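First the structure, in the form of structure tokens, and then the observations on it.
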Amino acid sequence: MEEKIYRNSLNFVPVDVAKGIDRSTGKRVNADDIDPNYERMPKCMHCKNFTLNEEKIGLGICSMMGKEHLAYPDMAAITCEGYDEK
């Protein structure tokens, strides 16, 4: 089950590693707090072009546009032209 925390939400604007601002309210929040207005942020792990690499723990392969690239599952893909939601 997906964690509906600020770190995984489109409403989160990071300030540092642990804190940020809720885009909808303007209030400061912790990255691991639950976001009541959660909207999932596009990340590589949610893309059809991403495959988890069994040999290298914590890495995956992006096969966007016929080429393979190393990618982190938790990498934000909000500006990726090849992002295709699973």
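In the structure tokens, each chain is lettered A, B, ... as it comes, each chain's residues begin at 1, and ligands are numbered from 1 in order of appearance.
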
Shell of 12 Å around Glu81 (chain A), only C-alpha atoms, local chain residues under 5 positions omitted, as a PyMOL selection string = chain A and resi 42+44+47+49+64-65

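Neighbours of Tyr38 (chain A) closer than or equal to 12 Å, with only C-alpha atoms counted and sequence neighbours fewer than 6 positions away skipped, come out as Glu2, Glu3, Lys4, Ile5, Tyr6, Arg7, Asn8, Ser9, Leu10, Asn11, Phe12, Asp22, Arg23 and Ser24 of chain A.
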
Got time to write the residues from that selection, N, CA and C atoms, as an mmCIF file, in the first residue's frame?
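As written to disk, again-v6.cif reads:
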```cif
data_model
loop_
_atom_site.group_PDB
_atom_site.id
_atom_site.type_symbol
_atom_site.label_atom_id
_atom_site.label_comp_id
_atom_site.auth_asym_id
_atom_site.auth_seq_id
_atom_site.Cartn_x
_atom_site.Cartn_y
_atom_site.Cartn_z
ATOM 1 N N GLU A 2 0.495 2.188 -0.769
ATOM 2 C CA GLU A 2 1.259 3.427 -0.903
ATOM 3 C C GLU A 2 1.054 4.319 0.318
ATOM 4 N N GLU A 3 2.158 4.874 0.806
ATOM 5 C CA GLU A 3 2.076 5.802 1.929
ATOM 6 C C GLU A 3 1.618 7.165 1.438
ATOM 7 N N LYS A 4 0.565 7.683 2.023
ATOM 8 C CA LYS A 4 0.023 8.983 1.615
ATOM 9 C C LYS A 4 0.633 10.077 2.471
ATOM 10 N N ILE A 5 1.954 10.163 2.397
ATOM 11 C CA ILE A 5 2.692 11.154 3.166
ATOM 12 C C ILE A 5 3.114 12.300 2.243
ATOM 13 N N TYR A 6 3.476 13.402 2.853
ATOM 14 C CA TYR A 6 3.847 14.583 2.067
ATOM 15 C C TYR A 6 4.995 14.308 1.097
ATOM 16 N N ARG A 7 5.972 13.512 1.499
ATOM 17 C CA ARG A 7 7.127 13.233 0.650
ATOM 18 C C ARG A 7 6.714 12.655 -0.711
ATOM 19 N N ASN A 8 5.583 11.954 -0.766
ATOM 20 C CA ASN A 8 5.091 11.318 -1.988
ATOM 21 C C ASN A 8 3.970 12.110 -2.656
ATOM 22 N N SER A 9 3.727 13.335 -2.216
ATOM 23 C CA SER A 9 2.579 14.106 -2.670
ATOM 24 C C SER A 9 2.972 15.302 -3.536
ATOM 25 N N LEU A 10 2.099 15.633 -4.456
ATOM 26 C CA LEU A 10 2.292 16.839 -5.274
ATOM 27 C C LEU A 10 2.148 18.111 -4.440
ATOM 28 N N ASN A 11 1.519 18.002 -3.284
ATOM 29 C CA ASN A 11 1.311 19.168 -2.420
ATOM 30 C C ASN A 11 2.552 19.555 -1.627
ATOM 31 N N PHE A 12 3.618 18.785 -1.695
ATOM 32 C CA PHE A 12 4.806 19.007 -0.873
ATOM 33 C C PHE A 12 5.854 19.806 -1.619
ATOM 34 N N ASP A 22 3.252 22.797 2.706
ATOM 35 C CA ASP A 22 2.078 22.244 2.038
ATOM 36 C C ASP A 22 1.619 23.284 1.016
ATOM 37 N N ARG A 23 1.655 22.914 -0.245
ATOM 38 C CA ARG A 23 1.311 23.840 -1.334
ATOM 39 C C ARG A 23 -0.135 24.336 -1.229
ATOM 40 N N SER A 24 -1.046 23.513 -0.724
ATOM 41 C CA SER A 24 -2.457 23.899 -0.672
ATOM 42 C C SER A 24 -2.786 24.810 0.506
#
```

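Residue neighbourhood of Lys86 (chain A), excluding near-sequence residues (fewer than 3 positions): Met45, His46, Cys47, Lys48, Asn49, Phe50 and Tyr83 of chain A, at 10 Å, using only C-alpha atoms.
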
Closest of A:Ile21, A:Asn30, A:Gly82, A:Pro14 to Gly66 (chain A) - atom-to-atom distances counting only C-alpha atoms = A:Gly82

Apply DSSP to the backbone of this structure and, from chain A, keep only the residues in strand (DSSP E); write these as number ranges by chain.
-> A: 12-14, 19-22, 28-30, 50-52, 60-62, 69-71

Residues from last step as file, N, CA and C atoms, as an mmCIF file, in the first residue's frame:
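Result file is again.cif:
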```cif
data_model
loop_
_atom_site.group_PDB
_atom_site.id
_atom_site.type_symbol
_atom_site.label_atom_id
_atom_site.label_comp_id
_atom_site.auth_asym_id
_atom_site.auth_seq_id
_atom_site.Cartn_x
_atom_site.Cartn_y
_atom_site.Cartn_z
ATOM 1 N N PHE A 12 3.618 18.785 -1.695
ATOM 2 C CA PHE A 12 4.806 19.007 -0.873
ATOM 3 C C PHE A 12 5.854 19.806 -1.619
ATOM 4 N N VAL A 13 6.262 20.928 -1.011
ATOM 5 C CA VAL A 13 7.369 21.732 -1.525
ATOM 6 C C VAL A 13 8.504 21.575 -0.518
ATOM 7 N N PRO A 14 9.575 20.840 -0.864
ATOM 8 C CA PRO A 14 10.641 20.604 0.108
ATOM 9 C C PRO A 14 11.416 21.866 0.453
ATOM 10 N N LYS A 19 11.700 18.682 6.175
ATOM 11 C CA LYS A 19 10.601 19.643 6.280
ATOM 12 C C LYS A 19 10.246 20.227 4.920
ATOM 13 N N GLY A 20 9.039 20.772 4.870
ATOM 14 C CA GLY A 20 8.601 21.418 3.652
ATOM 15 C C GLY A 20 7.380 22.267 3.901
ATOM 16 N N ILE A 21 6.753 22.685 2.814
ATOM 17 C CA ILE A 21 5.557 23.512 2.879
ATOM 18 C C ILE A 21 4.444 22.797 2.114
ATOM 19 N N ASP A 22 3.252 22.797 2.706
ATOM 20 C CA ASP A 22 2.078 22.244 2.038
ATOM 21 C C ASP A 22 1.619 23.284 1.016
ATOM 22 N N ARG A 28 3.946 24.950 7.175
ATOM 23 C CA ARG A 28 5.133 24.087 7.257
ATOM 24 C C ARG A 28 4.703 22.710 7.729
ATOM 25 N N VAL A 29 5.274 21.673 7.128
ATOM 26 C CA VAL A 29 4.938 20.296 7.465
ATOM 27 C C VAL A 29 6.202 19.448 7.495
ATOM 28 N N ASN A 30 6.121 18.302 8.126
ATOM 29 C CA ASN A 30 7.197 17.315 8.088
ATOM 30 C C ASN A 30 6.978 16.404 6.879
ATOM 31 N N PHE A 50 9.570 1.689 -16.265
ATOM 32 C CA PHE A 50 10.529 1.402 -15.200
ATOM 33 C C PHE A 50 10.448 -0.055 -14.772
ATOM 34 N N THR A 51 11.637 -0.693 -14.631
ATOM 35 C CA THR A 51 11.747 -2.053 -14.124
ATOM 36 C C THR A 51 12.778 -2.057 -13.017
ATOM 37 N N LEU A 52 12.415 -2.636 -11.874
ATOM 38 C CA LEU A 52 13.342 -2.721 -10.752
ATOM 39 C C LEU A 52 14.477 -3.667 -11.108
ATOM 40 N N GLY A 60 16.876 0.854 -10.585
ATOM 41 C CA GLY A 60 16.029 0.262 -11.598
ATOM 42 C C GLY A 60 16.497 0.678 -12.971
ATOM 43 N N ILE A 61 15.768 0.212 -13.968
ATOM 44 C CA ILE A 61 16.096 0.516 -15.356
ATOM 45 C C ILE A 61 14.900 1.217 -15.991
ATOM 46 N N CYS A 62 15.171 2.339 -16.606
ATOM 47 C CA CYS A 62 14.164 3.070 -17.359
ATOM 48 C C CYS A 62 14.391 2.755 -18.831
ATOM 49 N N HIS A 69 18.295 3.356 -19.152
ATOM 50 C CA HIS A 69 18.999 4.270 -18.260
ATOM 51 C C HIS A 69 18.819 3.779 -16.830
ATOM 52 N N LEU A 70 19.816 4.007 -15.977
ATOM 53 C CA LEU A 70 19.658 3.714 -14.561
ATOM 54 C C LEU A 70 18.751 4.773 -13.952
ATOM 55 N N ALA A 71 17.884 4.335 -13.043
ATOM 56 C CA ALA A 71 16.965 5.264 -12.378
ATOM 57 C C ALA A 71 16.678 4.769 -10.969
#
```

May I have all residues of chain A that DSSP, computed from the backbone, assigns to helix (DSSP H, G or I), given as a list in words?
->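 Selecting the helix (DSSP H, G or I) positions of chain A gives Tyr6, Arg7, Asn8, Cys44, Met45, His46, Met64, Met65 and Gly66 of chain A.
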
One-decimal distance in Å that lies between CA of Gly58 (chain A) and CA of Pro73 (chain A) |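 Between CA of Pro73 (chain A) and CA of Gly58 (chain A) the gap is 7.1 Å.
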